[in-house]
Every structure is written in structure tokens, then in C-alpha cells.
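Asks: The structure file coords26.cif (mmCIF, C-alpha atoms and all ligand atoms) is provided below.
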data_upload
#
loop_
_atom_site.label_atom_id
_atom_site.label_comp_id
_atom_site.auth_asym_id
_atom_site.auth_seq_id
_atom_site.Cartn_x
_atom_site.Cartn_y
_atom_site.Cartn_z
CA MET A 29 13.81 -15.74 -21.36
CA LYS A 30 14.01 -18.42 -18.71
CA LEU A 31 13.54 -17.67 -15.04
CA THR A 32 13.73 -19.73 -11.88
CA LEU A 33 10.94 -18.61 -9.57
CA HIS A 34 10.74 -19.43 -5.88
CA ILE A 35 7.17 -18.57 -4.86
CA TRP A 36 5.57 -18.59 -1.41
CA ARG A 37 2.69 -21.08 -1.51
CA GLN A 38 0.22 -21.13 1.36
CA LYS A 39 -3.21 -22.75 0.96
CA SER A 40 -5.03 -20.64 3.56
CA PRO A 41 -4.37 -18.44 6.61
CA ASN A 42 -4.06 -21.45 8.94
CA HIS A 43 -1.76 -23.54 6.75
CA ILE A 44 2.02 -23.41 7.05
CA GLY A 45 3.43 -21.95 3.84
CA ARG A 46 6.63 -22.85 2.00
CA MET A 47 8.68 -21.70 -0.97
CA VAL A 48 8.08 -23.74 -4.14
CA GLN A 49 10.47 -23.65 -7.10
CA TYR A 50 9.19 -23.25 -10.69
CA GLU A 51 11.24 -23.19 -13.90
CA HIS A 52 9.50 -20.67 -16.18
CA ALA A 53 10.72 -20.88 -19.79
CA ASN A 54 8.07 -18.76 -21.56
CA VAL A 55 8.91 -15.26 -20.37
CA ASN A 56 8.62 -12.49 -22.95
CA PRO A 57 10.51 -9.25 -22.06
CA HIS A 58 7.43 -7.22 -23.07
CA MET A 59 5.24 -8.90 -20.45
CA SER A 60 4.43 -7.18 -17.21
CA PHE A 61 5.36 -9.08 -14.05
CA LEU A 62 1.73 -10.08 -13.52
CA GLU A 63 1.38 -11.24 -17.16
CA MET A 64 4.45 -13.41 -16.57
CA LEU A 65 2.61 -14.96 -13.60
CA ASP A 66 -0.56 -15.34 -15.72
CA VAL A 67 1.42 -17.48 -18.18
CA LEU A 68 2.90 -19.53 -15.34
CA ASN A 69 -0.62 -20.04 -13.95
CA GLU A 70 -1.94 -21.21 -17.34
CA GLU A 71 0.85 -23.79 -17.40
CA LEU A 72 0.08 -24.89 -13.83
CA ILE A 73 -3.65 -25.21 -14.61
CA ALA A 74 -2.85 -27.26 -17.76
CA LYS A 75 -0.83 -29.62 -15.54
CA GLY A 76 -3.70 -29.88 -13.05
CA GLU A 77 -1.86 -27.87 -10.39
CA GLU A 78 -3.21 -25.03 -8.26
CA PRO A 79 -2.41 -21.60 -9.79
CA VAL A 80 -0.51 -19.01 -7.74
CA ALA A 81 -2.92 -16.56 -6.05
CA PHE A 82 -2.00 -12.87 -6.25
CA ASP A 83 -4.00 -9.65 -5.94
CA HIS A 84 -4.61 -7.36 -8.91
CA ASP A 85 -7.26 -5.14 -10.43
CA CYS A 86 -6.38 -2.13 -12.62
CA ARG A 87 -2.90 -3.30 -13.70
CA GLU A 88 -2.16 0.37 -14.34
CA GLY A 89 -0.56 1.38 -11.04
CA ILE A 90 -3.76 3.07 -9.86
CA CYS A 91 -5.79 0.78 -7.59
CA GLY A 92 -3.16 -0.43 -5.10
CA SER A 93 -4.39 -4.04 -5.24
CA CYS A 94 -1.20 -5.69 -6.43
CA GLY A 95 2.01 -6.02 -4.49
CA PHE A 96 4.45 -8.61 -3.16
CA MET A 97 8.14 -8.86 -2.44
CA VAL A 98 10.47 -9.60 -5.37
CA ASN A 99 13.90 -10.64 -4.09
CA GLY A 100 13.15 -8.94 -0.80
CA VAL A 101 12.07 -5.59 -2.28
CA ALA A 102 8.44 -4.46 -2.11
CA HIS A 103 7.12 -4.21 -5.71
CA GLY A 104 10.52 -5.31 -7.05
CA PRO A 105 13.69 -3.51 -8.08
CA GLN A 106 12.28 -0.69 -10.25
CA PRO A 107 11.83 2.55 -8.25
CA ALA A 108 8.39 4.24 -8.24
CA THR A 109 6.78 1.25 -9.97
CA THR A 110 3.99 -1.07 -8.86
CA VAL A 111 4.50 -4.75 -9.56
CA CYS A 112 1.72 -4.62 -12.19
CA GLN A 113 3.68 -1.93 -14.07
CA LEU A 114 7.02 -3.70 -13.69
CA HIS A 115 8.13 -5.21 -17.02
CA MET A 116 10.20 -8.32 -17.58
CA ARG A 117 12.72 -6.37 -19.69
CA HIS A 118 14.19 -5.23 -16.36
CA PHE A 119 15.26 -8.82 -15.66
CA LYS A 120 17.81 -11.08 -17.37
CA ASP A 121 17.61 -14.54 -18.86
CA GLY A 122 18.49 -17.04 -16.14
CA ASP A 123 17.55 -14.77 -13.22
CA VAL A 124 16.44 -16.40 -9.97
CA LEU A 125 13.54 -14.55 -8.31
CA TYR A 126 12.01 -15.02 -4.88
CA LEU A 127 8.35 -13.92 -4.58
CA GLU A 128 6.86 -13.53 -1.11
CA PRO A 129 3.73 -11.87 0.29
CA TRP A 130 3.91 -8.69 2.41
CA ARG A 131 5.16 -9.76 5.88
CA ALA A 132 3.41 -7.90 8.71
CA ARG A 133 1.24 -9.05 11.60
CA ALA A 134 -1.38 -6.50 10.57
CA PHE A 135 -1.49 -8.05 7.04
CA PRO A 136 -2.20 -11.78 7.61
CA VAL A 137 -1.63 -14.03 4.59
CA ILE A 138 -4.89 -15.17 2.97
CA LYS A 139 -3.36 -17.34 0.28
CA ASP A 140 0.02 -17.50 -1.52
CA LEU A 141 0.90 -13.86 -2.32
CA VAL A 142 -2.44 -12.39 -1.17
CA VAL A 143 -2.65 -10.67 2.23
CA ASP A 144 -5.56 -9.12 4.13
CA ARG A 145 -5.10 -5.31 4.05
CA SER A 146 -8.50 -4.45 5.55
CA ALA A 147 -6.61 -2.74 8.43
CA PHE A 148 -6.02 0.11 5.95
CA ASP A 149 -9.78 0.37 5.30
CA ARG A 150 -10.42 0.64 9.04
CA ILE A 151 -7.84 3.43 9.36
CA ILE A 152 -9.65 5.36 6.60
CA THR A 153 -12.99 4.68 8.30
CA ALA A 154 -11.58 6.21 11.51
CA GLY A 155 -11.35 9.66 9.91
CA GLY A 156 -9.90 9.64 6.41
CA TYR A 157 -12.77 11.55 4.83
CA VAL A 158 -14.60 14.89 4.86
CA SER A 159 -18.11 14.35 6.29
CA ALA A 160 -19.60 17.78 5.39
CA SER A 161 -20.94 18.47 1.92
CA THR A 162 -18.24 20.34 0.00
CA GLY A 163 -20.51 21.26 -2.91
CA SER A 164 -20.04 20.63 -6.60
CA ALA A 165 -16.99 21.20 -8.79
CA GLN A 166 -17.98 24.83 -9.26
CA ASP A 167 -18.06 25.40 -5.47
CA ALA A 168 -14.61 23.85 -5.16
CA ASN A 169 -13.29 26.25 -7.76
CA ASN A 170 -14.60 29.21 -5.71
CA ILE A 171 -12.31 28.35 -2.79
CA LEU A 172 -8.87 29.81 -3.38
CA ILE A 173 -6.11 27.35 -2.55
CA PRO A 174 -2.43 28.33 -2.82
CA LYS A 175 -0.71 26.39 -5.61
CA ARG A 176 1.89 25.05 -3.17
CA ASP A 177 -0.82 23.60 -0.88
CA ALA A 178 -2.73 22.12 -3.81
CA ASP A 179 0.46 20.48 -5.11
CA LEU A 180 1.37 19.06 -1.68
CA ALA A 181 -2.18 17.74 -1.20
CA MET A 182 -2.09 16.11 -4.63
CA ASP A 183 1.29 14.52 -3.85
CA ALA A 184 -0.16 12.99 -0.66
CA ALA A 185 -3.37 11.95 -2.43
CA ALA A 186 -1.29 9.87 -4.85
CA CYS A 187 -1.09 7.11 -2.19
CA ILE A 188 -2.85 4.04 -3.59
CA GLY A 189 -2.95 2.08 -0.32
CA CYS A 190 -0.81 -0.76 -1.64
CA GLY A 191 0.90 -1.53 1.69
CA ALA A 192 4.48 -1.63 0.36
CA CYS A 193 5.51 0.92 3.02
CA VAL A 194 4.38 -1.47 5.77
CA ALA A 195 6.06 -4.47 4.14
CA ALA A 196 9.38 -2.65 3.75
CA CYS A 197 9.45 -1.19 7.27
CA PRO A 198 11.43 -3.26 9.83
CA ASN A 199 8.79 -2.17 12.37
CA ALA A 200 5.85 -2.91 10.02
CA ALA A 201 4.67 0.66 10.65
CA SER A 202 1.87 2.20 8.62
CA ALA A 203 3.08 5.77 9.19
CA LEU A 204 3.66 6.67 5.52
CA PHE A 205 0.19 5.48 4.49
CA THR A 206 -1.56 7.13 7.45
CA GLY A 207 0.49 10.31 7.08
CA ALA A 208 -0.44 10.50 3.38
CA LYS A 209 -4.15 10.10 4.13
CA ILE A 210 -4.05 12.67 6.95
CA SER A 211 -1.96 15.12 4.89
CA HIS A 212 -4.02 15.08 1.77
CA LEU A 213 -7.06 16.42 3.64
CA SER A 214 -5.28 18.57 6.24
CA LEU A 215 -3.65 20.65 3.49
CA LEU A 216 -6.98 21.66 1.95
CA PRO A 217 -9.62 24.10 3.29
CA GLN A 218 -12.32 21.41 3.04
CA GLY A 219 -10.35 19.23 5.47
CA GLN A 220 -9.91 21.84 8.21
CA PRO A 221 -13.11 21.40 10.33
CA GLU A 222 -12.25 17.75 11.08
CA ARG A 223 -8.47 18.08 10.90
CA PHE A 224 -7.56 17.33 14.50
CA LYS A 225 -10.39 14.87 15.11
CA ARG A 226 -9.12 13.05 12.00
CA ALA A 227 -5.55 12.83 13.29
CA LEU A 228 -6.68 11.51 16.69
CA GLY A 229 -9.07 8.97 15.18
CA MET A 230 -6.74 7.59 12.55
CA VAL A 231 -3.69 7.34 14.83
CA ALA A 232 -5.80 5.60 17.51
CA GLN A 233 -6.93 3.07 14.88
CA VAL A 234 -3.31 2.47 13.77
CA LYS A 235 -2.47 1.52 17.37
CA GLN A 236 -5.32 -1.00 17.44
CA GLU A 237 -4.29 -2.70 14.19
CA LEU A 238 -0.95 -4.18 15.36
CA PHE A 239 1.19 -1.94 13.16
CA GLY A 240 4.60 -1.06 14.61
CA SER A 241 5.88 2.41 15.48
CA CYS A 242 7.75 4.64 13.06
CA THR A 243 11.43 5.10 13.93
CA ASN A 244 12.29 7.22 10.85
CA ILE A 245 14.21 4.52 9.00
CA GLY A 246 12.93 5.63 5.59
CA GLU A 247 12.54 2.25 3.85
CA CYS A 248 8.87 3.14 3.29
CA GLU A 249 9.78 6.20 1.19
CA ALA A 250 12.39 4.17 -0.72
CA VAL A 251 9.88 1.55 -1.92
CA CYS A 252 6.71 3.65 -2.27
CA PRO A 253 5.53 3.32 -5.89
CA LYS A 254 3.94 6.78 -5.68
CA GLU A 255 7.00 8.47 -4.17
CA ILE A 256 5.18 9.65 -1.04
CA LYS A 257 7.67 11.63 1.04
CA LEU A 258 8.55 11.19 4.72
CA GLU A 259 7.30 14.76 5.27
CA VAL A 260 3.74 13.36 5.45
CA ILE A 261 4.77 11.51 8.63
CA ALA A 262 6.07 14.76 10.13
CA ARG A 263 2.77 16.47 9.22
CA MET A 264 0.79 13.62 10.83
CA ASN A 265 2.91 13.84 14.00
CA ARG A 266 2.44 17.61 14.22
CA ASP A 267 -1.34 17.32 13.80
CA TYR A 268 -1.53 14.45 16.29
CA LEU A 269 0.56 16.29 18.89
CA LYS A 270 -1.43 19.49 18.53
CA ALA A 271 -4.73 17.57 18.63
CA SER A 272 -3.63 15.72 21.79
CA TRP A 273 -3.20 19.08 23.59
CA THR A 274 -6.10 21.03 22.17
CA GLU A 275 -8.98 18.69 21.33
CA ARG A 276 -11.53 17.92 24.00
CA PRO A 277 -13.60 14.72 24.03
CA GLU A 278 -16.72 14.61 21.85
CA ILE A 279 -19.70 16.09 23.73
CA THR A 280 -23.09 14.95 22.55
CA ARG A 281 -26.14 17.24 22.89
CA GLY A 282 -27.54 17.04 26.41
CA ASP A 283 -24.24 16.09 28.05
CA ASP A 284 -23.07 19.68 28.58
S1 LIG A 301 2.35 5.42 1.10
FE1 LIG A 301 3.16 4.53 -0.83
S2 LIG A 301 3.78 2.44 -0.26
FE2 LIG A 301 2.43 3.17 1.36
S3 LIG A 301 0.36 2.49 0.81
FE3 LIG A 301 0.59 4.57 -0.04
S4 LIG A 301 1.35 4.23 -2.12
FE4 LIG A 301 1.66 2.29 -1.08
S1 LIG A 302 -3.20 -3.85 -10.10
FE1 LIG A 302 -3.86 -1.80 -9.65
S2 LIG A 302 -2.04 -0.87 -8.91
FE2 LIG A 302 -1.35 -2.83 -9.56
#
Will you turn the file into C-alpha cells for me?
Ligand code: SF4
Ligand code: FES
Replies:
Amino acid sequence: MKLTLHIWRQKSPNHIGRMVQYEHANVNPHMSFLEMLDVLNEELIAKGEEPVAFDHDCREGICGSCGFMVNGVAHGPQPATTVCQLHMRHFKDGDVLYLEPWRARAFPVIKDLVVDRSAFDRIITAGGYVSASTGSAQDANNILIPKRDADLAMDAAACIGCGACVAACPNAASALFTGAKISHLSLLPQGQPERFKRALGMVAQVKQELFGSCTNIGECEAVCPKEIKLEVIARMNRDYLKASWTERPEITRGDD
């Protein structure tokens, strides 16, 4: 297969980027999208040119490292598929593809298709964990959890933090990601003691990170490779609203 690729090239955060056209004649339909880029990069290196930078790690749809826009769609045209799991058999000989990094102020471009997603790490740090010891596997099995709640928590926990939801959202909102992280713990007994503190902390961090506001457009759900549902945003909003009315400020020992 032959493809014409238009790829965003940007040397560093402070350089002005531009689209560069490449004719790629060695595309095997069995390659993944990233393997196709690997071959392009080998050709560029052989010619003494700078290879295209892109993020990746597991290449199994698990880690959330990969991700860029393919013809304007986050992770490309295949639903529920990360770009590392997207195969070239879904494209045709002669196709013209435009590859661009996630576009969001909260995700500044580092180089070419690589963006800085550390804002997501800071949102997790603001409350996306259970701080108390929850025991070993045996202790977990002693806590009865309704099947429905366990299933919903697992669905939310499937979020891999790829950032496609932010890239697809016209407001560059991180509501689907944050809602998934809040939901996955708020649905389980182990997440209850810090439930409302978690919602307040994580939503406050979102506001600091220059993400936009959710206006229920739904593009995030449409592109999410893990099929996270908009209901996680509703759950986050409910927890945040309730926490705003009921939680009192942290009181440290000696203050009261
Ligand atoms: S909610 Fe979906 S699109 Fe957003 S970061 Fe998680 S897995 Fe990626
Ligand atoms: S490289 Fe890990 S999800 Fe794509």
C-alpha cells in the first residue's frame, strides 16, 4: 500500500510547527499504525532526517501513552481502538492521512505528535486514590459488593488516561477522564471515606489546569478507546455538588 502522510512536525515547545508531507510506499496492511510510523522513521533515519516523535509504550491498548489525531479523529477512525491497536487494513491504498498532536492548552506540544499530559497526573494526585490500607486480596473478597456496582466500577476503571476525550472536546474539557477516575473509586466501599474530599480536590485541580468546561457535547464518549460513558460525568457532578454543600474545610488537630 502507498499512503500520503501529512504529519505535524514541531522541534520543541517553543518552535512553530508545520505540516510536512511524506509519501510512504512500504505500508503492509498487517502493520499497526505505529509500526507503519516505525517503518517511515527507519526510512527517514536512513536519509539522515529527523524521525517523527510519537508517544508509545505497551502497544496493546493498555497504558494510554499513544494517541494523536488521524484525519481529525482522536485515535483514528476505528471505534473503541487506540492508535497502537489500529491496523493498516482499515485504510486503502492511496489514502491521504493527516496526523496531528492532541490540541488543548492543557496539553502543550513537546515535539511532533508528543504532548505533555502531566495535568492528568496532577488531577490523580489531587485525590484519585484510596489513602487507607485496604488489606490484601483476601480482605477485599470479604467485603460484599453488588455485582452491578462492581461492573460499573470496572467500566470506569478501564480509563487509560490517553487524553483523547480532551482532544476531541471543542471545550478541551477533561470531564470524561476526571469522571471516570472519581467514579471508579466512589462506586466501591473502599472509596467511600474519601469520596467527597476526592471530588472536591480533583475538580479544583481540573480548574487550575486550563481545561475547559463540559457542555455535554458527547464527542469525548464517541472517541474514547475504552468506551467510557457520559454517565461518569453525571456521577462526578453529583458528588461534587453534594460535597460542595456538605463538606467542611479540613481541620487539623489543635485548630478546633
Ligand atoms: S476517558 Fe477515555 S478518552 Fe478519556 S483519558 Fe480515559 S480512556 Fe482516554
Ligand atoms: S501504546 Fe499503550 S495504549 Fe497505545
Asks: Which is closer to ligand LIG 301 (chain A) than all the others in A:Phe82, A:Phe205, A:Tyr157, A:Phe119, using all atoms listed in the file?
Replies: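 Going through A:Phe82, A:Phe205, A:Tyr157, A:Phe119 one by one, the smallest distance to ligand LIG 301 (chain A) is for A:Phe205.
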Asks: Which one is closest to Glu51 in chain A: A:Val124, A:Leu180, A:Ala165, A:Leu216? Count only C-alpha atoms.
Replies: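 Nearest to Glu51 in chain A: A:Val124.
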Asks: Considering only C-alpha atoms and all ligand atoms, can you say which of A:Ala132, A:Cys242, A:Ala192, A:Ala74 comes closest to ligand LIG 302 (chain A)?
Replies: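 Between A:Ala132, A:Cys242, A:Ala192, A:Ala74, the residue approaching ligand LIG 302 (chain A) most closely is A:Ala192.
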Asks: Between A:Ile152, A:Leu215, A:Val251, A:Ile245, which one has atoms that come closest to Val111 in chain A, using all atoms listed in the file?
Replies: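 Of A:Ile152, A:Leu215, A:Val251, A:Ile245, the one nearest Val111 in chain A, counting all atoms listed in the file, is A:Val251.
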Asks: Using all atoms listed in the file, which of the listed residues (A:Arg131, A:His52, A:Lys39, A:Lys270) sits closest to Leu65 in chain A?
Replies: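 Under the stated criterion, the closest residue is A:His52.
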Asks: For ligand LIG 302 (chain A), take all atoms listed in the file, fit an axis-aligned box around them, add 5 Å to each of the six sides, then output centre and edge lengths in Å rounded to one decimal, as JSON.
Replies:
{"center_x": -2.6, "center_y": -2.4, "center_z": -9.5, "size_x": 12.5, "size_y": 13.0, "size_z": 11.2}
